[in-house]
Structure formats: structure tokens, C-alpha cells
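Reproduced below: model-v4.cif, with mmCIF, C-alpha atoms.
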```cif
data_structure
#
loop_
_atom_site.label_atom_id
_atom_site.label_comp_id
_atom_site.auth_asym_id
_atom_site.auth_seq_id
_atom_site.Cartn_x
_atom_site.Cartn_y
_atom_site.Cartn_z
CA MET H 1 120.83 65.09 72.12
CA THR H 2 117.35 66.19 71.16
CA ASP H 3 116.31 69.79 70.63
CA SER H 4 114.34 69.71 73.85
CA GLY H 5 117.42 68.43 75.64
CA CYS H 6 119.52 71.27 74.24
CA ALA H 7 116.89 73.81 75.25
CA GLY H 8 116.91 72.48 78.79
CA TYR H 9 120.72 72.38 78.93
CA PHE H 10 121.16 75.94 77.76
CA HIS H 11 118.22 77.32 79.77
CA THR H 12 119.09 80.68 81.35
CA PRO H 13 117.64 81.31 84.84
CA MET H 14 115.22 84.20 85.07
CA PRO H 15 116.79 87.28 86.73
CA TRP H 16 115.60 87.81 90.31
CA TRP H 17 114.05 91.18 89.53
CA ARG H 18 111.72 89.56 86.98
CA LYS H 19 110.55 87.03 89.55
CA ILE H 20 109.20 89.72 91.87
CA ARG H 21 105.42 89.83 91.74
CA TRP H 22 104.39 93.40 92.34
CA GLN H 23 101.12 93.78 94.16
CA SER H 24 98.33 95.38 92.14
CA PRO H 25 96.52 98.53 93.31
CA VAL H 26 94.10 97.60 96.09
CA GLN H 27 90.99 99.44 94.92
CA ALA H 28 90.29 99.76 91.22
CA ASP H 29 87.12 101.76 91.95
CA GLU H 30 88.80 104.16 94.37
CA ARG H 31 87.25 107.61 94.60
CA ALA H 32 88.73 111.10 95.11
CA THR H 33 92.23 110.16 93.99
CA TRP H 34 92.58 113.74 92.72
CA LEU H 35 93.03 114.85 96.35
CA ALA H 36 96.68 113.76 96.07
CA PHE H 37 97.29 116.84 93.93
CA VAL H 38 96.31 119.24 96.74
CA PRO H 39 99.63 118.93 98.66
CA ILE H 40 101.51 118.73 95.35
CA CYS H 41 100.08 122.08 94.20
CA LEU H 42 100.72 123.67 97.59
CA THR H 43 104.33 122.47 97.45
CA GLY H 44 104.79 124.13 94.06
CA PHE H 45 103.02 127.28 95.28
CA PHE H 46 105.43 127.55 98.22
CA TYR H 47 108.37 128.14 95.88
CA LEU H 48 106.54 131.05 94.26
CA LEU H 49 106.44 132.91 97.59
CA PRO H 50 108.96 135.62 98.48
CA ALA H 51 112.01 134.38 100.37
CA GLN H 52 110.87 136.10 103.55
CA LEU H 53 107.56 134.23 103.58
CA GLN H 54 109.32 130.95 102.94
CA GLN H 55 110.88 131.27 106.40
CA ASN H 56 107.43 131.01 107.97
CA LEU H 57 107.16 127.64 109.71
CA LEU H 58 103.41 127.36 109.19
CA LEU H 59 103.78 127.86 105.44
CA GLN H 60 106.53 125.23 105.39
CA PHE H 61 104.21 122.70 106.98
CA LEU H 62 101.12 123.74 104.99
CA PRO H 63 101.46 121.08 102.24
CA GLN H 64 101.78 118.31 104.85
CA LEU H 65 98.86 119.65 106.89
CA ALA H 66 96.77 119.87 103.72
CA ALA H 67 97.76 116.29 102.88
CA TYR H 68 96.38 115.03 106.19
CA GLY H 69 93.19 116.99 105.60
CA ALA H 70 92.91 115.51 102.09
CA LEU H 71 93.53 112.06 103.56
CA VAL H 72 90.53 112.48 105.90
CA ILE H 73 88.27 113.55 103.01
CA TRP H 74 89.53 110.64 100.87
CA TRP H 75 88.97 108.26 103.80
CA LYS H 76 85.34 109.32 104.08
CA SER H 77 84.89 108.86 100.32
CA ASN H 78 86.08 105.24 100.25
CA HIS H 79 84.98 102.16 102.16
CA ASP H 80 87.59 99.81 103.63
CA ALA H 81 90.38 102.36 103.17
CA LEU H 82 92.94 100.66 105.43
CA PRO H 83 94.24 98.17 102.80
CA ALA H 84 94.69 101.03 100.32
CA LEU H 85 96.97 102.72 102.86
CA GLY H 86 98.98 99.54 103.36
CA LEU H 87 97.39 98.84 106.74
CA ALA H 88 95.55 95.61 106.05
CA ARG H 89 94.96 93.28 108.97
CA GLY H 90 97.45 90.48 109.38
CA SER H 91 100.22 92.33 107.51
CA LEU H 92 102.10 93.60 110.57
CA LYS H 93 105.02 91.17 110.28
CA GLN H 94 105.01 90.83 106.49
CA GLY H 95 108.01 92.53 104.93
CA VAL H 96 109.33 94.02 108.20
CA VAL H 97 112.66 92.26 107.67
CA TRP H 98 112.95 94.04 104.31
CA GLY H 99 112.16 97.32 106.04
CA ILE H 100 114.81 96.90 108.73
CA GLY H 101 117.41 95.68 106.25
CA THR H 102 116.71 98.52 103.82
CA GLY H 103 116.82 101.07 106.63
CA CYS H 104 120.22 99.83 107.82
CA LEU H 105 121.63 99.88 104.28
CA LEU H 106 120.28 103.34 103.45
CA GLY H 107 121.41 104.69 106.81
CA LEU H 108 124.99 103.55 106.27
CA ILE H 109 125.08 104.80 102.66
CA ASN H 110 123.57 108.20 103.44
CA ALA H 111 125.73 108.68 106.53
CA THR H 112 128.80 108.06 104.37
CA VAL H 113 127.56 110.50 101.71
CA ILE H 114 126.72 113.22 104.24
CA LEU H 115 129.73 112.92 106.54
CA TRP H 116 132.44 112.04 104.00
CA VAL H 117 131.47 112.63 100.37
CA VAL H 118 129.74 116.02 100.75
CA PRO H 119 132.60 117.61 102.80
CA ALA H 120 135.15 116.17 100.37
CA LEU H 121 133.33 117.99 97.56
CA GLY H 122 133.35 121.25 99.50
CA GLY H 123 129.78 121.09 100.77
CA ASP H 124 128.75 122.43 104.16
CA ILE H 125 127.36 120.02 106.76
CA LEU H 126 128.05 122.02 109.94
CA PHE H 127 124.55 123.52 109.81
CA LEU H 128 123.16 120.07 110.64
CA ALA H 129 124.18 120.58 114.26
CA ASP H 130 121.56 123.36 114.50
CA THR H 131 118.65 121.50 112.94
CA PRO H 132 115.64 120.69 115.17
CA HIS H 133 116.46 117.00 114.95
CA ALA H 134 120.07 117.42 116.12
CA ARG H 135 119.09 119.70 119.01
CA MET H 136 116.62 117.15 120.37
CA PRO H 137 117.89 115.02 123.29
CA SER H 138 118.87 111.48 122.33
CA PHE H 139 116.51 109.83 124.80
CA VAL H 140 113.59 111.67 123.13
CA MET H 141 114.71 111.27 119.53
CA ILE H 142 115.51 107.56 119.80
CA PRO H 143 113.34 105.70 119.40
CA TRP H 144 110.16 107.56 120.29
CA PHE H 145 110.24 110.71 118.16
CA THR H 146 111.97 108.93 115.28
CA VAL H 147 109.21 106.33 115.08
CA LEU H 148 106.55 109.05 115.38
CA ILE H 149 108.12 110.99 112.50
CA ALA H 150 108.34 107.83 110.38
CA ILE H 151 104.67 106.98 110.99
CA GLY H 152 103.45 110.47 110.10
CA VAL H 153 105.68 110.94 107.06
CA GLU H 154 105.05 107.49 105.58
CA LEU H 155 101.30 107.70 106.14
CA ASN H 156 101.40 110.97 104.21
CA PHE H 157 103.91 110.40 101.40
CA ARG H 158 103.65 106.66 100.75
CA GLY H 159 100.31 105.51 102.15
CA PHE H 160 98.26 108.47 100.92
CA LEU H 161 100.20 110.40 98.28
CA LEU H 162 101.92 107.53 96.44
CA GLY H 163 98.92 105.23 96.67
CA ARG H 164 96.48 107.81 95.34
CA LEU H 165 98.87 108.92 92.60
CA GLU H 166 99.27 105.32 91.52
CA CYS H 167 95.52 104.78 91.28
CA PHE H 168 95.15 108.02 89.33
CA CYS H 169 98.08 107.36 86.96
CA CYS H 170 97.22 103.69 86.32
CA ARG H 171 93.79 104.74 85.06
CA TRP H 172 95.46 106.78 82.33
CA ILE H 173 98.70 104.82 81.85
CA SER H 174 98.10 101.07 82.03
CA LEU H 175 101.17 99.78 80.17
CA GLY H 176 102.87 96.87 81.89
CA PRO H 177 102.13 93.29 82.96
CA ALA H 178 99.33 92.57 85.38
CA ASN H 179 101.73 91.15 87.97
CA GLY H 180 104.55 93.55 87.20
CA LEU H 181 105.35 97.20 87.82
CA ARG H 182 103.18 99.27 85.49
CA LEU H 183 104.21 102.51 83.84
CA GLY H 184 101.58 104.36 85.87
CA SER H 185 103.14 103.02 89.06
CA ILE H 186 106.59 104.19 87.96
CA VAL H 187 105.26 107.68 87.18
CA ALA H 188 103.64 107.78 90.62
CA MET H 189 106.93 106.71 92.23
CA LEU H 190 108.84 109.51 90.50
CA ILE H 191 106.29 112.21 91.35
CA SER H 192 105.95 111.15 94.98
CA ALA H 193 109.73 110.98 95.46
CA LEU H 194 110.20 114.49 94.05
CA VAL H 195 107.36 115.91 96.14
CA PHE H 196 108.91 114.27 99.20
CA ALA H 197 112.40 115.60 98.46
CA PHE H 198 111.07 119.11 97.75
CA ASP H 199 108.79 119.28 100.76
CA PRO H 200 109.23 122.87 102.01
CA PHE H 201 110.22 121.89 105.55
CA MET H 202 112.70 119.33 104.16
CA VAL H 203 114.33 121.90 101.88
CA MET H 204 114.43 124.72 104.42
CA THR H 205 115.86 122.45 107.13
CA PHE H 206 118.34 120.30 105.23
CA ARG H 207 119.20 122.78 102.44
CA HIS H 208 121.30 121.21 99.66
CA LEU H 209 121.17 117.79 101.35
CA HIS H 210 117.46 117.49 100.57
CA TRP H 211 118.43 115.86 97.26
CA ILE H 212 119.31 112.71 99.20
CA ALA H 213 115.59 112.32 99.87
CA VAL H 214 115.02 111.66 96.15
CA TRP H 215 116.58 108.20 96.22
CA ASP H 216 115.18 107.58 99.68
CA GLY H 217 111.72 108.35 98.32
CA LEU H 218 112.20 106.07 95.31
CA ILE H 219 113.41 103.14 97.41
CA TRP H 220 110.68 103.54 100.02
CA ALA H 221 108.11 103.82 97.21
CA ALA H 222 109.42 100.59 95.67
CA LEU H 223 109.15 98.87 99.05
CA PHE H 224 105.58 100.06 99.45
CA LEU H 225 104.51 98.98 95.97
CA ARG H 226 106.20 95.59 96.43
CA TRP H 227 104.60 94.70 99.76
CA ARG H 228 101.61 97.09 100.08
CA ASN H 229 102.59 97.25 103.73
CA LEU H 230 103.04 100.63 105.40
CA VAL H 231 104.80 99.00 108.34
CA THR H 232 107.67 98.03 106.02
CA VAL H 233 108.42 101.60 104.93
CA ILE H 234 107.88 102.94 108.45
CA ALA H 235 110.51 100.49 109.71
CA ALA H 236 112.93 101.41 106.89
CA HIS H 237 112.43 105.14 107.51
CA ALA H 238 112.78 104.90 111.30
CA ILE H 239 115.94 102.76 111.22
CA GLU H 240 117.61 105.02 108.65
CA VAL H 241 116.83 108.19 110.61
CA MET H 242 118.19 106.64 113.80
CA ILE H 243 121.47 105.76 112.09
CA LEU H 244 121.78 109.23 110.53
CA TYR H 245 120.89 110.96 113.80
CA LEU H 246 123.48 109.03 115.82
CA SER H 247 126.16 109.44 113.12
CA VAL H 248 125.67 113.19 112.75
CA LYS H 249 125.37 113.67 116.51
CA ALA H 250 128.61 111.80 117.16
CA THR H 251 130.49 113.65 114.43
CA LEU H 252 129.33 117.23 114.82
CA THR H 253 128.70 117.57 118.56
#
```

How does this structure look as C-alpha cells?
Amino acid sequence: MTDSGCAGYFHTPMPWWRKIRWQSPVQADERATWLAFVPICLTGFFYLLPAQLQQNLLLQFLPQLAAYGALVIWWKSNHDALPALGLARGSLKQGVVWGIGTGCLLGLINATVILWVVPALGGDILFLADTPHARMPSFVMIPWFTVLIAIGVELNFRGFLLGRLECFCCRWISLGPANGLRLGSIVAMLISALVFAFDPFMVMTFRHLHWIAVWDGLIWAALFLRWRNLVTVIAAHAIEVMILYLSVKATLT
């Protein structure tokens, strides 16, 4: 057998994760990417406030409101901004199956963690019955309000925040293959997931369970960077929240 024959015989298939072609940032010349740091700074500032002020609902929502304001300014600073937000034309159906599948998987995993693992470790989950989400009637929460929440949150944290952070970080950290996940993208994923998990309203509402949002944020960020399709992460977010809502509602009420 020749050397070439041996090489072919002992060829090892490439792992599936190396076959994934990550989409590159949409706009290399994007402007005003620094606006992503406005909600990040406001989130950090919130935790410097006295405990009494942290109970103020307006202050809890201030970073998110500022993010939407920053999004508008960024939008006006860049032409053809829709693709950069993952809203390119013709991408409605692309990756939706991944979104639904990921949402079902995350919903089942997180429901198990919240309803079984956390109580087994002595953690409190009874407060979930008094959260605004749990008090909302089922016919309002599912699917209408759940989808509305998913659209608003993903437009903010993945479409705007993650996308702008990635553009900013990749300008300074460009290590990685052209068709792979760059170091700048990974840094952006980590920052956006932490900002999402430590959003003031998230922390004040879900208390110690807000840590679950870290891996949610990382997975949704990976979905967004893989497909550059905001519909995918909206679908994943909405399906997961529906599963969690129904599971918690059935268990605690």
C-alpha cells in the first residue's frame, strides 16, 4: 500500500464543530460602536446605588431604555443597518429550526434546574409565584407577551449590544480564522452574556436564579453569531420562556 493509500485509510474525519462556518461581522466600517458601552456602564452604575434606590422600577429599566436610545442613534449613524441587527431580507426562515430546537432544549434543562436542582440544594423558588411573569394570565403570556418580550430583549442584547461589541472588539482583537469564531467575537459573547444576566430588572426579579441567564446568554449569542439571524434567537428565547412559564405555573400555583 502506498503512502497516499495509508493516509487516506487512516484519515480522521473533521469534528463537526470545526466544519461550522461562522458568519463574519456584517459591516467592517460600522460607526458608533462605542454606544454599546452606554447600557453596560449604566448597568454597573446601578449596583453602586443604595439598596433603597435599587428597588425603583425606573432605575431597574434604565439600562435597557438607554440601550434602545443608543440603538436609535447608532441606526442613524449607519446606512443599511438591518443586516447588522440580524434582520436581513430573506432570512426569516433561515435557522428558525435551530431556534425552536434550542429553545425546547434550554427550556427543559432550565425547568429541571429551577424546579428540581435548586430546591434540592436548599434554594428558594417559591418567590417565583409572585413575579410579574407568573402573575400574568396564561392567555396573555402565551404566546403574545412572551413573543413581545423575546423580540424586545433580543433586539437589545443580541442584535444591538452583542453585534456592536463584536464590531468594537474585533477591531482590537482580530485573532482567529476568517471563517471561524474570532477572539474578539468570543470576548463580545462573554461581555454580552454577563450584561444580560446582570441586567438590574433580571436580578431584582429573579434574585439568585439570574445566574441561569449566563448560559442562556452565551448560547443565544452563539446562535446569533452562527446565523446572523435575529429571528433564530427570538424563536429560541420565546420557546424557552413559554416552557419555563408553564412549568413554574403548574408547579407553584

Neighbouring residues of Leu252 in chain H were defined as those with any atom within 10 Å, considering only C-alpha atoms; residues of the same chain fewer than 2 positions away were excluded. Please report them as number ranges by chain. H: 115, 125-130, 134, 247-250

Nearest residue to Leu65 in chain H out of H:Ile212, H:Asp199, H:Leu190, H:Val117, using all atoms listed in the file? H:Asp199

Could you give me, as an NGL selection string, the residues that sit within 12 Å of (110.5, 105.7, 98.1) in the file's coordinates, counting all atoms listed in the file? :H and (99 or 102-103 or 106 or 153-154 or 157-159 or 161-163 or 185-186 or 188-197 or 212-226 or 230 or 232-234 or 236-237)

Padding of 8 Å on every side, edges along x, y and z, all listed atoms of range 36-43 of chain H included: what centre and edge lengths in Å, to one decimal, does that box have, as lines of an AutoDock Vina configuration file?
```
center_x = 100.3
center_y = 118.7
center_z = 96.3
size_x = 24.0
size_y = 25.9
size_z = 20.7
```

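CA of Thr205 in chain H to CA of Leu71 in chain H spans 24.9 Å [interatomic distance, one decimal].
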
To one decimal place in Å, what is the distance between CA of Cys104 in chain H and CA of Arg182 in chain H? 28.1 Å

Kindly indicate which residue among H:Thr43, H:Thr146, H:Asn156, H:Thr251 lies nearest to Ile239 in chain H, using all atoms listed in the file for the distances. H:Thr146

Add whatever atoms are absent from range 145-158 of chain H to reach N, CA, C and O atoms, and provide the output as a short mmCIF file (atom, residue, chain, number, x, y, z; two decimals), in the coordinates of the input.
```cif
data_model
loop_
_atom_site.label_atom_id
_atom_site.label_comp_id
_atom_site.auth_asym_id
_atom_site.auth_seq_id
_atom_site.Cartn_x
_atom_site.Cartn_y
_atom_site.Cartn_z
N PHE H 145 110.56 109.67 119.13
CA PHE H 145 110.24 110.71 118.16
C PHE H 145 110.55 110.26 116.74
O PHE H 145 109.86 110.62 115.79
N THR H 146 111.62 109.45 116.60
CA THR H 146 111.97 108.93 115.28
C THR H 146 110.85 108.07 114.70
O THR H 146 110.49 108.20 113.53
N VAL H 147 110.31 107.19 115.53
CA VAL H 147 109.21 106.33 115.08
C VAL H 147 107.97 107.17 114.77
O VAL H 147 107.27 106.93 113.79
N LEU H 148 107.71 108.17 115.61
CA LEU H 148 106.55 109.05 115.38
C LEU H 148 106.68 109.80 114.06
O LEU H 148 105.71 109.89 113.29
N ILE H 149 107.87 110.32 113.78
CA ILE H 149 108.12 110.99 112.50
C ILE H 149 107.90 110.03 111.34
O ILE H 149 107.24 110.36 110.34
N ALA H 150 108.46 108.82 111.45
CA ALA H 150 108.34 107.83 110.38
C ALA H 150 106.89 107.48 110.11
O ALA H 150 106.47 107.37 108.95
N ILE H 151 106.09 107.31 111.16
CA ILE H 151 104.67 106.98 110.99
C ILE H 151 103.95 108.10 110.25
O ILE H 151 103.22 107.87 109.28
N GLY H 152 104.14 109.34 110.71
CA GLY H 152 103.45 110.47 110.10
C GLY H 152 103.86 110.71 108.66
O GLY H 152 103.01 110.90 107.77
N VAL H 153 105.17 110.66 108.40
CA VAL H 153 105.68 110.94 107.06
C VAL H 153 105.27 109.84 106.08
O VAL H 153 104.85 110.12 104.94
N GLU H 154 105.38 108.59 106.49
CA GLU H 154 105.05 107.49 105.58
C GLU H 154 103.55 107.38 105.34
O GLU H 154 103.12 107.04 104.24
N LEU H 155 102.75 107.66 106.35
CA LEU H 155 101.30 107.70 106.14
C LEU H 155 100.94 108.75 105.10
O LEU H 155 100.06 108.55 104.26
N ASN H 156 101.65 109.87 105.13
CA ASN H 156 101.40 110.97 104.21
C ASN H 156 101.94 110.66 102.81
O ASN H 156 101.18 110.59 101.84
N PHE H 157 103.26 110.44 102.71
CA PHE H 157 103.91 110.40 101.40
C PHE H 157 103.80 109.06 100.68
O PHE H 157 103.80 109.01 99.46
N ARG H 158 103.79 107.95 101.40
CA ARG H 158 103.65 106.66 100.75
C ARG H 158 102.22 106.14 100.82
O ARG H 158 101.61 105.83 99.81
#
```
